[in-house]
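Trainee: Just upload.txt, nothing more (compact mmCIF, C-alpha atoms):
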# COMPACT_ATOMS: atom_id res chain seq x y z
CA MET A 5 -36.36 65.98 9.25
CA THR A 6 -36.26 62.66 7.44
CA GLY A 7 -39.34 62.28 5.23
CA ILE A 8 -41.00 58.85 5.33
CA THR A 9 -43.54 57.65 2.76
CA SER A 10 -45.13 54.18 2.83
CA THR A 11 -46.84 52.42 -0.06
CA ARG A 12 -47.62 48.88 -1.26
CA LEU A 13 -46.28 46.82 -4.14
CA SER A 14 -48.66 44.93 -6.43
CA ASP A 15 -48.45 41.73 -4.34
CA GLY A 16 -49.16 43.58 -1.09
CA ARG A 17 -45.62 43.94 0.23
CA GLU A 18 -44.83 47.15 2.10
CA LEU A 19 -42.32 49.61 0.62
CA ILE A 20 -41.09 52.69 2.49
CA TYR A 21 -39.22 55.69 1.08
CA PHE A 22 -36.84 57.54 3.41
CA ASP A 23 -35.79 61.00 2.18
CA ASP A 24 -32.51 62.66 3.09
CA ALA A 25 -32.83 65.35 5.76
CA GLY A 26 -32.92 68.83 4.29
CA THR A 27 -34.74 67.74 1.12
CA SER A 28 -37.19 70.53 0.31
CA THR A 29 -39.84 68.21 -1.11
CA SER A 30 -40.30 64.47 -0.82
CA ARG A 31 -38.21 62.57 -3.34
CA ALA A 32 -40.96 59.95 -3.24
CA ALA A 33 -43.70 62.43 -4.17
CA GLY A 34 -43.55 61.24 -7.76
CA PHE A 35 -43.66 57.53 -7.08
CA THR A 36 -45.94 55.54 -9.30
CA THR A 37 -48.14 52.53 -8.76
CA ASP A 38 -46.51 49.13 -9.11
CA ASN A 39 -48.27 47.79 -12.22
CA ARG A 40 -46.34 44.54 -12.56
CA GLY A 41 -49.30 42.42 -11.46
CA LEU A 42 -47.19 40.10 -9.33
CA PRO A 43 -48.80 36.86 -8.17
CA PRO A 44 -50.03 36.67 -4.56
CA ARG A 45 -47.40 35.99 -1.94
CA GLY A 46 -46.87 32.39 -0.99
CA GLU A 47 -47.06 30.81 2.41
CA PRO A 48 -43.96 30.96 4.61
CA GLY A 49 -41.40 28.18 4.67
CA GLU A 50 -40.94 26.25 7.87
CA VAL A 51 -38.71 26.15 10.92
CA ARG A 52 -37.46 22.85 12.28
CA PHE A 53 -36.11 22.27 15.76
CA ASP A 54 -32.64 20.76 16.02
CA ALA A 55 -32.82 18.79 19.25
CA LEU A 56 -29.08 18.13 19.16
CA THR A 57 -28.20 21.83 19.53
CA ASP A 58 -31.45 23.23 20.94
CA GLU A 59 -31.70 25.59 17.95
CA TRP A 60 -34.23 26.48 15.28
CA VAL A 61 -33.34 26.05 11.59
CA ALA A 62 -35.31 27.82 8.86
CA VAL A 63 -36.07 25.79 5.72
CA ALA A 64 -36.72 28.13 2.77
CA ALA A 65 -36.54 26.06 -0.41
CA HIS A 66 -38.53 28.71 -2.31
CA ARG A 67 -35.48 30.99 -2.19
CA GLN A 68 -33.77 28.84 -4.81
CA ALA A 69 -35.67 30.92 -7.38
CA ARG A 70 -34.49 34.30 -6.09
CA THR A 71 -32.70 36.81 -8.32
CA HIS A 72 -28.99 36.06 -8.66
CA LEU A 73 -26.48 38.66 -9.91
CA PRO A 74 -28.66 40.15 -12.69
CA PRO A 75 -27.17 42.51 -15.32
CA ALA A 76 -27.18 46.18 -14.39
CA ASP A 77 -30.07 47.01 -16.71
CA GLN A 78 -32.25 44.43 -14.95
CA CYS A 79 -31.37 45.27 -11.34
CA PRO A 80 -34.46 44.82 -9.14
CA ILE A 81 -33.57 47.67 -6.76
CA CYS A 82 -32.61 50.38 -9.24
CA PRO A 83 -35.32 52.98 -9.91
CA THR A 84 -38.06 51.77 -12.26
CA THR A 85 -37.70 52.50 -15.97
CA SER A 86 -39.80 51.53 -18.98
CA SER A 87 -37.39 48.69 -19.73
CA ASN A 88 -36.88 47.64 -16.11
CA PRO A 89 -40.02 47.65 -13.95
CA SER A 90 -38.15 47.07 -10.72
CA GLU A 91 -39.13 46.53 -7.10
CA ILE A 92 -39.05 50.30 -6.59
CA PRO A 93 -41.80 52.10 -8.56
CA ALA A 94 -40.12 55.51 -8.61
CA ALA A 95 -37.89 57.37 -11.02
CA ASP A 96 -35.63 58.41 -8.16
CA TYR A 97 -35.23 57.92 -4.41
CA ASP A 98 -32.80 58.37 -1.53
CA VAL A 99 -33.18 55.26 0.67
CA VAL A 100 -35.83 52.55 0.31
CA VAL A 101 -36.87 49.68 2.57
CA PHE A 102 -39.21 46.97 1.30
CA GLU A 103 -40.30 43.46 2.18
CA ASN A 104 -38.15 40.84 0.47
CA ARG A 105 -39.91 39.07 -2.38
CA PHE A 106 -38.05 35.86 -1.48
CA PRO A 107 -37.99 35.93 2.33
CA SER A 108 -36.30 33.39 4.59
CA LEU A 109 -38.91 34.30 7.21
CA GLY A 110 -42.51 35.41 6.74
CA PRO A 111 -44.63 36.95 5.41
CA ALA A 112 -46.96 35.50 8.05
CA LEU A 113 -46.46 36.50 11.70
CA GLY A 114 -46.90 34.35 14.77
CA HIS A 115 -45.17 32.48 17.55
CA VAL A 116 -42.94 29.43 17.24
CA PRO A 117 -43.68 26.62 19.72
CA ASP A 118 -42.48 27.31 23.26
CA HIS A 119 -41.73 23.65 23.91
CA ALA A 120 -39.88 21.82 21.18
CA SER A 121 -38.27 18.44 20.69
CA TRP A 122 -37.17 16.23 17.82
CA GLY A 123 -39.70 16.45 14.99
CA THR A 124 -41.12 19.84 16.01
CA THR A 125 -41.86 22.08 13.04
CA GLY A 126 -43.79 25.28 12.47
CA PRO A 127 -44.29 28.08 9.95
CA ALA A 128 -41.23 30.28 9.41
CA TYR A 129 -42.90 33.34 10.89
CA GLY A 130 -41.14 36.70 10.80
CA ARG A 131 -40.20 39.36 8.32
CA CYS A 132 -37.28 39.99 5.95
CA GLU A 133 -36.67 43.42 4.48
CA VAL A 134 -34.24 44.84 1.92
CA VAL A 135 -32.61 48.25 2.48
CA SER A 136 -31.39 50.00 -0.67
CA PHE A 137 -28.81 52.63 0.31
CA THR A 138 -28.82 54.57 -2.96
CA PRO A 139 -30.46 54.65 -6.41
CA GLU A 140 -26.97 54.26 -7.93
CA HIS A 141 -26.29 50.72 -9.10
CA THR A 142 -22.55 50.85 -8.49
CA GLY A 143 -20.56 51.92 -5.45
CA SER A 144 -20.73 50.98 -1.79
CA PHE A 145 -21.83 52.30 1.58
CA SER A 146 -18.41 53.86 2.15
CA ALA A 147 -18.97 56.12 -0.88
CA LEU A 148 -22.18 57.61 0.53
CA SER A 149 -22.31 61.15 1.88
CA GLU A 150 -22.73 61.58 5.62
CA ILE A 151 -26.25 62.89 5.02
CA ARG A 152 -27.14 59.69 3.16
CA SER A 153 -25.43 57.58 5.84
CA ARG A 154 -27.60 59.37 8.41
CA THR A 155 -30.73 58.56 6.38
CA VAL A 156 -29.84 54.86 6.36
CA ILE A 157 -29.30 54.96 10.13
CA GLU A 158 -32.70 56.61 10.55
CA ALA A 159 -34.24 53.86 8.41
CA TRP A 160 -32.57 51.16 10.53
CA ALA A 161 -33.82 52.81 13.71
CA GLN A 162 -37.38 53.28 12.43
CA ARG A 163 -37.59 49.73 11.16
CA THR A 164 -36.12 48.34 14.39
CA ALA A 165 -38.90 50.02 16.36
CA ALA A 166 -41.63 48.97 13.92
CA LEU A 167 -40.50 45.36 13.57
CA SER A 168 -39.99 44.98 17.31
CA SER A 169 -43.69 45.71 17.81
CA LEU A 170 -44.90 42.95 15.49
CA PRO A 171 -46.51 39.80 16.97
CA GLY A 172 -44.07 37.00 17.73
CA ILE A 173 -40.85 38.89 16.91
CA LYS A 174 -38.00 38.10 19.33
CA GLN A 175 -34.99 39.72 17.63
CA VAL A 176 -34.35 42.38 14.96
CA PHE A 177 -31.08 42.18 13.03
CA PRO A 178 -29.93 44.80 10.46
CA PHE A 179 -26.90 43.71 8.43
CA GLU A 180 -25.01 44.16 5.18
CA ASN A 181 -23.14 41.53 3.17
CA ARG A 182 -20.65 43.30 0.89
CA GLY A 183 -18.72 41.59 -1.89
CA ALA A 184 -18.92 38.45 -4.00
CA ASP A 185 -16.58 36.67 -1.57
CA ILE A 186 -19.29 37.04 1.09
CA GLY A 187 -21.95 35.64 -1.25
CA VAL A 188 -24.03 38.64 -2.29
CA THR A 189 -26.67 38.03 -4.95
CA LEU A 190 -27.12 41.70 -5.97
CA HIS A 191 -24.31 44.13 -6.79
CA HIS A 192 -26.44 47.19 -6.00
CA PRO A 193 -25.39 48.67 -2.59
CA HIS A 194 -27.93 47.34 -0.13
CA GLY A 195 -28.43 45.63 3.21
CA GLN A 196 -31.12 43.59 4.89
CA ILE A 197 -33.10 43.40 8.12
CA TYR A 198 -34.30 40.10 9.59
CA ALA A 199 -37.00 39.99 12.25
CA TYR A 200 -36.80 36.54 13.83
CA PRO A 201 -39.56 34.66 15.71
CA TYR A 202 -36.89 33.24 18.03
CA VAL A 203 -33.65 34.41 19.63
CA THR A 204 -30.85 33.36 17.29
CA PRO A 205 -28.09 31.06 18.59
CA ARG A 206 -25.39 33.76 18.57
CA ALA A 207 -27.63 36.31 20.25
CA GLY A 208 -28.57 33.70 22.84
CA VAL A 209 -24.93 33.05 23.75
CA LEU A 210 -24.10 36.75 23.91
CA GLY A 211 -27.28 37.50 25.83
CA ALA A 212 -26.69 34.80 28.42
CA ALA A 213 -23.11 35.98 29.08
CA ALA A 214 -24.29 39.58 29.33
CA ARG A 215 -27.09 38.65 31.73
CA ARG A 216 -24.75 36.69 34.03
CA PHE A 217 -22.36 39.65 34.25
CA TYR A 218 -25.18 42.15 34.70
CA ASP A 219 -26.75 40.15 37.52
CA ALA A 220 -23.38 39.73 39.25
CA GLN A 221 -22.97 43.53 39.12
CA ASP A 222 -26.52 44.10 40.42
CA GLY A 223 -27.23 46.07 37.27
CA ARG A 224 -24.48 48.62 37.95
CA GLU A 225 -22.48 47.77 34.81
CA THR A 226 -22.99 45.86 31.58
CA LEU A 227 -20.58 43.35 30.08
CA THR A 228 -20.20 45.30 26.82
CA GLY A 229 -19.71 48.53 28.75
CA SER A 230 -16.99 46.95 30.88
CA LEU A 231 -15.19 45.63 27.78
CA LEU A 232 -15.36 49.05 26.14
CA ARG A 233 -13.87 50.62 29.26
CA ALA A 234 -11.08 48.03 29.41
CA GLU A 235 -10.20 48.46 25.74
CA ARG A 236 -10.09 52.26 26.05
CA GLU A 237 -7.85 52.01 29.12
CA ASP A 238 -5.50 49.55 27.38
CA GLY A 239 -5.47 51.45 24.10
CA SER A 240 -3.47 48.97 22.01
CA ARG A 241 -6.50 47.75 20.05
CA MET A 242 -8.38 51.04 19.75
CA VAL A 243 -9.15 52.26 16.25
CA MET A 244 -10.98 55.49 17.06
CA GLU A 245 -12.66 57.29 19.95
CA GLY A 246 -15.46 59.82 19.58
CA GLU A 247 -17.80 61.66 21.90
CA ASN A 248 -20.51 59.01 21.71
CA PHE A 249 -18.90 55.99 20.01
CA SER A 250 -15.60 54.16 20.08
CA ALA A 251 -14.24 51.41 17.84
CA TYR A 252 -11.69 48.74 18.63
CA VAL A 253 -10.41 45.36 17.50
CA PRO A 254 -11.58 42.96 20.23
CA PHE A 255 -9.01 41.25 22.44
CA ALA A 256 -10.06 37.78 21.22
CA ALA A 257 -10.98 38.65 17.61
CA ARG A 258 -12.03 35.61 15.59
CA TRP A 259 -11.67 37.07 12.10
CA PRO A 260 -8.58 38.41 10.26
CA LEU A 261 -10.33 41.80 10.21
CA GLU A 262 -12.79 42.46 13.03
CA ILE A 263 -13.90 45.75 14.54
CA HIS A 264 -16.48 46.45 17.23
CA LEU A 265 -18.17 49.86 17.22
CA VAL A 266 -19.84 50.55 20.57
CA PRO A 267 -21.88 53.51 21.88
CA HIS A 268 -20.62 54.99 25.14
CA ARG A 269 -24.17 55.00 26.50
CA HIS A 270 -25.98 51.76 27.33
CA VAL A 271 -28.79 51.46 24.77
CA PRO A 272 -30.52 48.26 23.62
CA ASP A 273 -30.86 49.07 19.93
CA LEU A 274 -30.59 51.64 17.16
CA ALA A 275 -34.08 52.93 17.90
CA ALA A 276 -32.91 54.08 21.34
CA LEU A 277 -30.12 56.34 20.02
CA SER A 278 -30.53 60.09 20.34
CA GLY A 279 -30.38 62.40 17.34
CA GLU A 280 -26.89 63.55 18.35
CA GLU A 281 -25.70 59.95 18.62
CA LYS A 282 -27.10 59.11 15.19
CA ASP A 283 -25.32 62.14 13.72
CA GLU A 284 -21.97 60.96 15.07
CA LEU A 285 -22.67 57.37 14.05
CA ALA A 286 -23.20 58.52 10.45
CA HIS A 287 -19.64 59.87 10.50
CA VAL A 288 -17.75 57.18 12.41
CA TYR A 289 -19.43 54.30 10.56
CA LEU A 290 -18.34 55.74 7.22
CA ASP A 291 -14.85 56.25 8.65
CA LEU A 292 -14.58 52.57 9.60
CA LEU A 293 -15.77 51.35 6.21
CA LYS A 294 -13.31 53.65 4.43
CA ARG A 295 -10.47 52.28 6.57
CA LEU A 296 -11.34 48.74 5.49
CA ASP A 297 -11.42 49.76 1.85
CA VAL A 298 -7.99 51.41 1.79
CA LEU A 299 -6.16 48.52 3.47
CA TYR A 300 -5.78 46.71 0.15
CA PRO A 301 -5.75 47.64 -3.57
CA THR A 302 -9.26 46.22 -4.06
CA PRO A 303 -12.45 46.66 -1.98
CA THR A 304 -12.59 44.51 1.14
CA PRO A 305 -15.50 42.06 1.46
CA TYR A 306 -17.23 42.32 4.82
CA ILE A 307 -20.24 41.51 6.96
CA SER A 308 -21.63 44.44 8.91
CA ALA A 309 -23.74 43.01 11.75
CA TRP A 310 -25.73 45.17 14.17
CA HIS A 311 -26.14 43.28 17.44
CA GLN A 312 -29.29 44.58 19.13
CA ALA A 313 -30.74 43.37 22.42
CA PRO A 314 -33.27 40.57 21.91
CA LEU A 315 -36.84 41.33 22.88
CA ASP A 316 -36.77 38.41 25.32
CA ALA A 317 -37.56 39.82 28.79
CA ALA A 318 -34.76 37.86 30.45
CA LEU A 319 -32.05 39.03 28.03
CA ARG A 320 -33.03 42.57 27.08
CA PRO A 321 -32.04 44.49 30.27
CA ALA A 322 -28.37 43.50 29.87
CA GLY A 323 -28.34 43.79 26.07
CA TYR A 324 -26.13 46.49 24.59
CA LEU A 325 -26.17 47.72 20.99
CA HIS A 326 -22.91 47.23 19.10
CA LEU A 327 -21.65 46.72 15.57
CA GLN A 328 -19.49 43.75 14.65
CA LEU A 329 -17.69 44.47 11.37
CA THR A 330 -15.81 41.43 10.05
CA SER A 331 -13.96 40.35 6.93
CA PRO A 332 -12.43 36.98 5.97
CA ARG A 333 -9.64 38.78 4.11
CA ARG A 334 -6.30 37.90 5.70
CA ALA A 335 -4.05 39.31 2.94
CA ALA A 336 -4.39 41.14 -0.35
CA ASP A 337 -4.87 37.86 -2.22
CA LYS A 338 -5.97 35.48 0.54
CA LEU A 339 -9.26 34.73 2.30
CA LYS A 340 -9.86 32.80 5.49
CA TYR A 341 -12.29 29.95 4.93
CA LEU A 342 -14.26 28.39 7.74
CA ALA A 343 -12.95 24.86 7.52
CA GLY A 344 -12.78 21.98 10.01
CA SER A 345 -12.07 23.69 13.32
CA GLU A 346 -14.28 26.71 12.72
CA ALA A 347 -17.16 25.17 10.75
CA ALA A 348 -17.42 21.89 12.63
CA MET A 349 -16.30 22.83 16.13
CA GLY A 350 -16.93 26.58 16.26
CA ALA A 351 -13.33 26.92 17.48
CA PHE A 352 -11.79 29.88 15.64
CA ILE A 353 -8.11 30.18 14.84
CA ASN A 354 -7.12 33.71 13.83
CA ASP A 355 -4.35 34.32 11.28
CA THR A 356 -3.70 37.88 12.51
CA THR A 357 -3.12 39.53 15.87
CA PRO A 358 -5.74 42.04 17.05
CA GLU A 359 -3.03 44.54 18.03
CA SER A 360 -1.41 44.56 14.57
CA VAL A 361 -4.77 44.89 12.84
CA ALA A 362 -5.73 47.84 15.05
CA GLU A 363 -2.37 49.51 14.35
CA ARG A 364 -2.90 49.16 10.59
CA LEU A 365 -6.44 50.53 10.79
CA ARG A 366 -5.28 53.52 12.84
CA ALA A 367 -2.46 54.27 10.43
CA VAL A 368 -4.41 54.39 7.17
CA THR A 369 -5.33 57.72 5.61
CA VAL A 370 -9.10 57.96 5.36
CA PRO A 371 -10.50 59.79 2.30
CA PRO A 372 -12.62 62.81 3.26
CA SER A 373 -16.38 62.37 3.42
CA ALA A 374 -18.58 63.90 0.77
CA THR A 375 -20.40 65.87 3.46
CA SER A 376 -18.87 67.48 6.52
CA ARG A 377 -20.19 66.81 10.00
CA ALA A 378 -21.17 70.48 10.31
CA VAL A 379 -23.35 70.26 7.21
CA LEU A 380 -24.81 66.97 8.46
CA ALA A 381 -25.72 68.48 11.83
CA ALA A 382 -27.41 71.43 10.14
CA ALA A 383 -29.33 69.21 7.73
CA THR A 384 -30.52 66.82 10.42
CA GLU A 385 -31.47 69.44 13.01
CA GLY A 386 -34.89 68.45 14.23
CA ALA A 387 -34.67 64.92 12.81
CA SER A 388 -36.47 62.29 14.84
CA ALA A 389 -34.47 60.86 17.73
Kindly present the structure from the file in C-alpha cells form.
Mentor:
Amino acid sequence: MTGITSTRLSDGRELIYFDDAGTSTSRAAGFTTDNRGLPPRGEPGEVRFDALTDEWVAVAAHRQARTHLPPADQCPICPTTSSNPSEIPAADYDVVVFENRFPSLGPALGHVPDHASWGTTGPAYGRCEVVSFTPEHTGSFSALSEIRSRTVIEAWAQRTAALSSLPGIKQVFPFENRGADIGVTLHHPHGQIYAYPYVTPRAGVLGAAARRFYDAQDGRETLTGSLLRAEREDGSRMVMEGENFSAYVPFAARWPLEIHLVPHRHVPDLAALSGEEKDELAHVYLDLLKRLDVLYPTPTPYISAWHQAPLDAALRPAGYLHLQLTSPRRAADKLKYLAGSEAAMGAFINDTTPESVAERLRAVTVPPSATSRAVLAAATEGASA
C-alpha cells in the first residue's frame, strides 16, 4: 500500500509525500516543519484571449525569477540539510509532490470567461505542481526501480483525481521534460503536473477528432482504440505489446523519435487504471525510457506527455488515456529545431521514417530493471487502484 502524507510549506503550499509500497514505516514520518519563513504567495498571473486563434495564453512574468540550474548543493528538491533548507523539509523521502513556488497557473482557483473576444483577460487560475521522482540529485526516471516507478504512477493517479475535482479545472496534464536540450531548469529528476482552467489547444484538437469518430461509431469504438488495433494488426511500427499496454511509433509521427504508449482498455485518465494495469505500466514505461537512452552514446532528451481526457462534458466520453513520448534528437549529434514550417505553420516535416525508428527501438538491448515484476507485484499487492 502506498503511504501518503500531506503537509504545508511555510507559505501555505501543499506538499505530499508518497512512500514506496512495502515500506514498513512511513519515510515521511520524520519530516520537519518548513522554517524558512517564506513570504506570502502572490496573486496569479493572467490569461489573455487570442482572438486570432481562439486560444488562451497565460502571461506569467513572475516566473522570470524562478530557480535556474542551481549547483547540486543548493538544489531546491533535494532533501533538506542544514546548509540547504530546500522545498522538501525531510531528511529523506521516496516521491514528493508539491505546489510550484513559481507557477504558470494559480494559486487561485476559478473559472475563465465563457465568452471571450479581443481584449478579454482574467486571472491565470489553476494549479502547477512539481513531482520529484527520487531524493537522489543525479540520474533519471529510467534508472528508477520498478517499485519507485510504480510509486510515481500512483502519485500521478492520485493527483489527477484530486486536481480534477478542484473548481474551474478543465484539464490535468502530467509531464516530464528531460535534458538541457528540452529546456529544463533543474537537473534533479522530476516532472510536473499542470491543472488548466481551460482545454488546451492540442487537447481540443485531439478531443474534437476523437468525439467525431466516437459519435460516428455510436460509441462502439474510440479513435485511439481503433488506431491501436490498426497498428497491432500492421505490426511494422510496434515497439512492444503487453497484456494491458502496447507501444508503437505512430503512422504519421511528427518527431524524429516518437512513441505512443496506449492501454488496451478505454480509460479517460491515470486515475481510472486498475492496480494490475498500474503494475504493468511501471514496467513498460521504464522499458521505453531505457530504449531511448541506449539508442545513442549520451542520454536522449525527451518530453513525456500524458494525454488525459479533458473534463469538458462534450469531450470526455471519447477521451482515451495515452502517453506521447517525443524527442527532437534525429542523430547522435543533431537535433531537430522547430523552424519556419513547424513553428509558424504547425506543418511538421519528419527527418526519420516511423518504420525505421520502430525497428531500431525493437532491436536495442534493454538493461534489466532494478526490481523484477514479480517483486513489484508482491510489494504493491493491496495498493490503491
Trainee: Excluding Leu319 of chain A and residues on its chain fewer than 3 positions from it, collect all residues at most 12 Å away from it, counting all atoms listed in the file, and give them as a list in words.
Mentor: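 Near neighbours after the sequence-gap exclusion: Lys174, Gln175, Val203, Ala207, Gly208, Val209, Leu210, Gly211, Ala212, Ala213, Ala214, Arg215, Arg216, Phe217, Tyr218, Asp219, Thr226, Pro272, Gln312, Ala313, Pro314, Leu315, Asp316, Ala322, Gly323 and Tyr324 of chain A.
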Trainee: Record the distance separating atom CA of Val134 of chain A and atom CA of Ser86 of chain A, expressed in Å with one decimal.
Mentor: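 Calculated distance between atom CA of Val134 of chain A and atom CA of Ser86 of chain A is 22.6 Å.
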Trainee: Distance atom CA of Ala199 of chain A-atom CA of Cys132 of chain A, one decimal place?
Mentor: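 Straight-line distance from atom CA of Ala199 of chain A to atom CA of Cys132 of chain A works out to 6.3 Å.
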Trainee: Work out how far atom CA of Val266 of chain A is from atom CA of Thr228 of chain A, in Å to one decimal.
Mentor: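 One can read the atom CA of Thr228 of chain A to atom CA of Val266 of chain A distance as 8.2 Å.
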Trainee: Mind checking which residues fall within 12 Å of Ala336 of chain A, counting all atoms listed in the file, ignoring those fewer than 3 positions away in the same chain, and posting them as a JSON list (two decimals) with C-alpha atoms, in the frame of the given file?
Mentor:
[["chain", "number", "residue", "atom", "x", "y", "z"],
["A", 260, "PRO", "CA", -8.58, 38.41, 10.26],
["A", 296, "LEU", "CA", -11.34, 48.74, 5.49],
["A", 297, "ASP", "CA", -11.42, 49.76, 1.85],
["A", 298, "VAL", "CA", -7.99, 51.41, 1.79],
["A", 299, "LEU", "CA", -6.16, 48.52, 3.47],
["A", 300, "TYR", "CA", -5.78, 46.71, 0.15],
["A", 301, "PRO", "CA", -5.75, 47.64, -3.57],
["A", 302, "THR", "CA", -9.26, 46.22, -4.06],
["A", 303, "PRO", "CA", -12.45, 46.66, -1.98],
["A", 304, "THR", "CA", -12.59, 44.51, 1.14],
["A", 305, "PRO", "CA", -15.50, 42.06, 1.46],
["A", 332, "PRO", "CA", -12.43, 36.98, 5.97],
["A", 333, "ARG", "CA", -9.64, 38.78, 4.11],
["A", 339, "LEU", "CA", -9.26, 34.73, 2.30],
["A", 340, "LYS", "CA", -9.86, 32.80, 5.49]]
Trainee: Pick out the residues sitting within 6 Å of segment 177-185 of chain A, and hand them over as a list in words; count only C-alpha atoms, and ignore anything fewer than 5 positions along from it in its own chain.
Mentor: Gly195, Gln196, Ile197, Tyr198, Pro305, Tyr306, Ile307, Ser308, Ala309 and Trp310 of chain A
Trainee: Which residue, A:Glu47, A:Glu262, A:Glu346, A:Asp291, has the smallest gap to Val370 of chain A when you use all atoms listed in the file?
Mentor: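 Of A:Glu47, A:Glu262, A:Glu346, A:Asp291, the one nearest Val370 of chain A is A:Asp291, counting all atoms listed in the file.
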Trainee: I need every residue sitting at most 10 Å from the point (-21.2, 56.3, 0.2) (coordinates as in the file, all atoms listed in the file considered), written as a list in words.
Mentor: Phe137, Thr138, Gly143, Ser144, Phe145, Ser146, Ala147, Leu148, Ser149, Glu150, Ile151, Arg152, Ser153, Pro193, Leu290, Leu293, Lys294, Ser373 and Ala374 of chain A
Trainee: Using only C-alpha atoms, which residues sit within 8 Å of Ser250 of chain A once same-chain residues fewer than 6 positions away are excluded, as a list in words?
Mentor: Leu232, Met242, Val243, Met244, Leu265, Val266, Pro267 and His268 of chain A
Trainee: Complete the atoms of segment 61-67 of chain A to all heavy atoms and put them out as an mmCIF file, in the coordinates of the input.
Mentor:
data_model
loop_
_atom_site.group_PDB
_atom_site.id
_atom_site.type_symbol
_atom_site.label_atom_id
_atom_site.label_comp_id
_atom_site.auth_asym_id
_atom_site.auth_seq_id
_atom_site.Cartn_x
_atom_site.Cartn_y
_atom_site.Cartn_z
ATOM 1 N N VAL A 61 -33.904 25.940 12.932
ATOM 2 C CA VAL A 61 -33.340 26.050 11.590
ATOM 3 C C VAL A 61 -34.468 26.381 10.634
ATOM 4 O O VAL A 61 -35.493 25.690 10.614
ATOM 5 C CB VAL A 61 -32.646 24.750 11.163
ATOM 6 C CG1 VAL A 61 -32.137 24.865 9.722
ATOM 7 C CG2 VAL A 61 -31.501 24.402 12.108
ATOM 8 N N ALA A 62 -34.296 27.456 9.848
ATOM 9 C CA ALA A 62 -35.310 27.820 8.860
ATOM 10 C C ALA A 62 -35.066 27.054 7.564
ATOM 11 O O ALA A 62 -33.929 26.952 7.091
ATOM 12 C CB ALA A 62 -35.264 29.322 8.593
ATOM 13 N N VAL A 63 -36.133 26.501 6.992
ATOM 14 C CA VAL A 63 -36.070 25.790 5.720
ATOM 15 C C VAL A 63 -36.836 26.642 4.703
ATOM 16 O O VAL A 63 -38.053 26.812 4.822
ATOM 17 C CB VAL A 63 -36.685 24.385 5.826
ATOM 18 C CG1 VAL A 63 -36.632 23.668 4.484
ATOM 19 C CG2 VAL A 63 -35.958 23.568 6.894
ATOM 20 N N ALA A 64 -36.118 27.185 3.719
ATOM 21 C CA ALA A 64 -36.720 28.130 2.770
ATOM 22 C C ALA A 64 -36.363 27.721 1.350
ATOM 23 O O ALA A 64 -35.631 28.424 0.636
ATOM 24 C CB ALA A 64 -36.234 29.551 3.075
ATOM 25 N N ALA A 65 -36.871 26.590 0.918
ATOM 26 C CA ALA A 65 -36.540 26.060 -0.410
ATOM 27 C C ALA A 65 -36.998 26.984 -1.530
ATOM 28 O O ALA A 65 -36.410 26.983 -2.626
ATOM 29 C CB ALA A 65 -37.151 24.675 -0.580
ATOM 30 N N HIS A 66 -38.029 27.805 -1.277
ATOM 31 C CA HIS A 66 -38.530 28.710 -2.310
ATOM 32 C C HIS A 66 -37.494 29.769 -2.696
ATOM 33 O O HIS A 66 -37.601 30.385 -3.758
ATOM 34 C CB HIS A 66 -39.810 29.391 -1.824
ATOM 35 C CG HIS A 66 -39.639 30.188 -0.563
ATOM 36 N ND1 HIS A 66 -39.603 29.593 0.677
ATOM 37 C CD2 HIS A 66 -39.474 31.518 -0.348
ATOM 38 C CE1 HIS A 66 -39.435 30.525 1.606
ATOM 39 N NE2 HIS A 66 -39.348 31.690 1.008
ATOM 40 N N ARG A 67 -36.496 29.982 -1.876
ATOM 41 C CA ARG A 67 -35.480 30.990 -2.190
ATOM 42 C C ARG A 67 -34.526 30.546 -3.288
ATOM 43 O O ARG A 67 -33.719 31.352 -3.777
ATOM 44 C CB ARG A 67 -34.692 31.344 -0.918
ATOM 45 C CG ARG A 67 -35.458 32.286 -0.014
ATOM 46 C CD ARG A 67 -34.732 32.572 1.281
ATOM 47 N NE ARG A 67 -33.357 33.007 1.126
ATOM 48 C CZ ARG A 67 -32.975 34.242 0.814
ATOM 49 N NH1 ARG A 67 -33.896 35.179 0.581
ATOM 50 N NH2 ARG A 67 -31.699 34.558 0.716
#
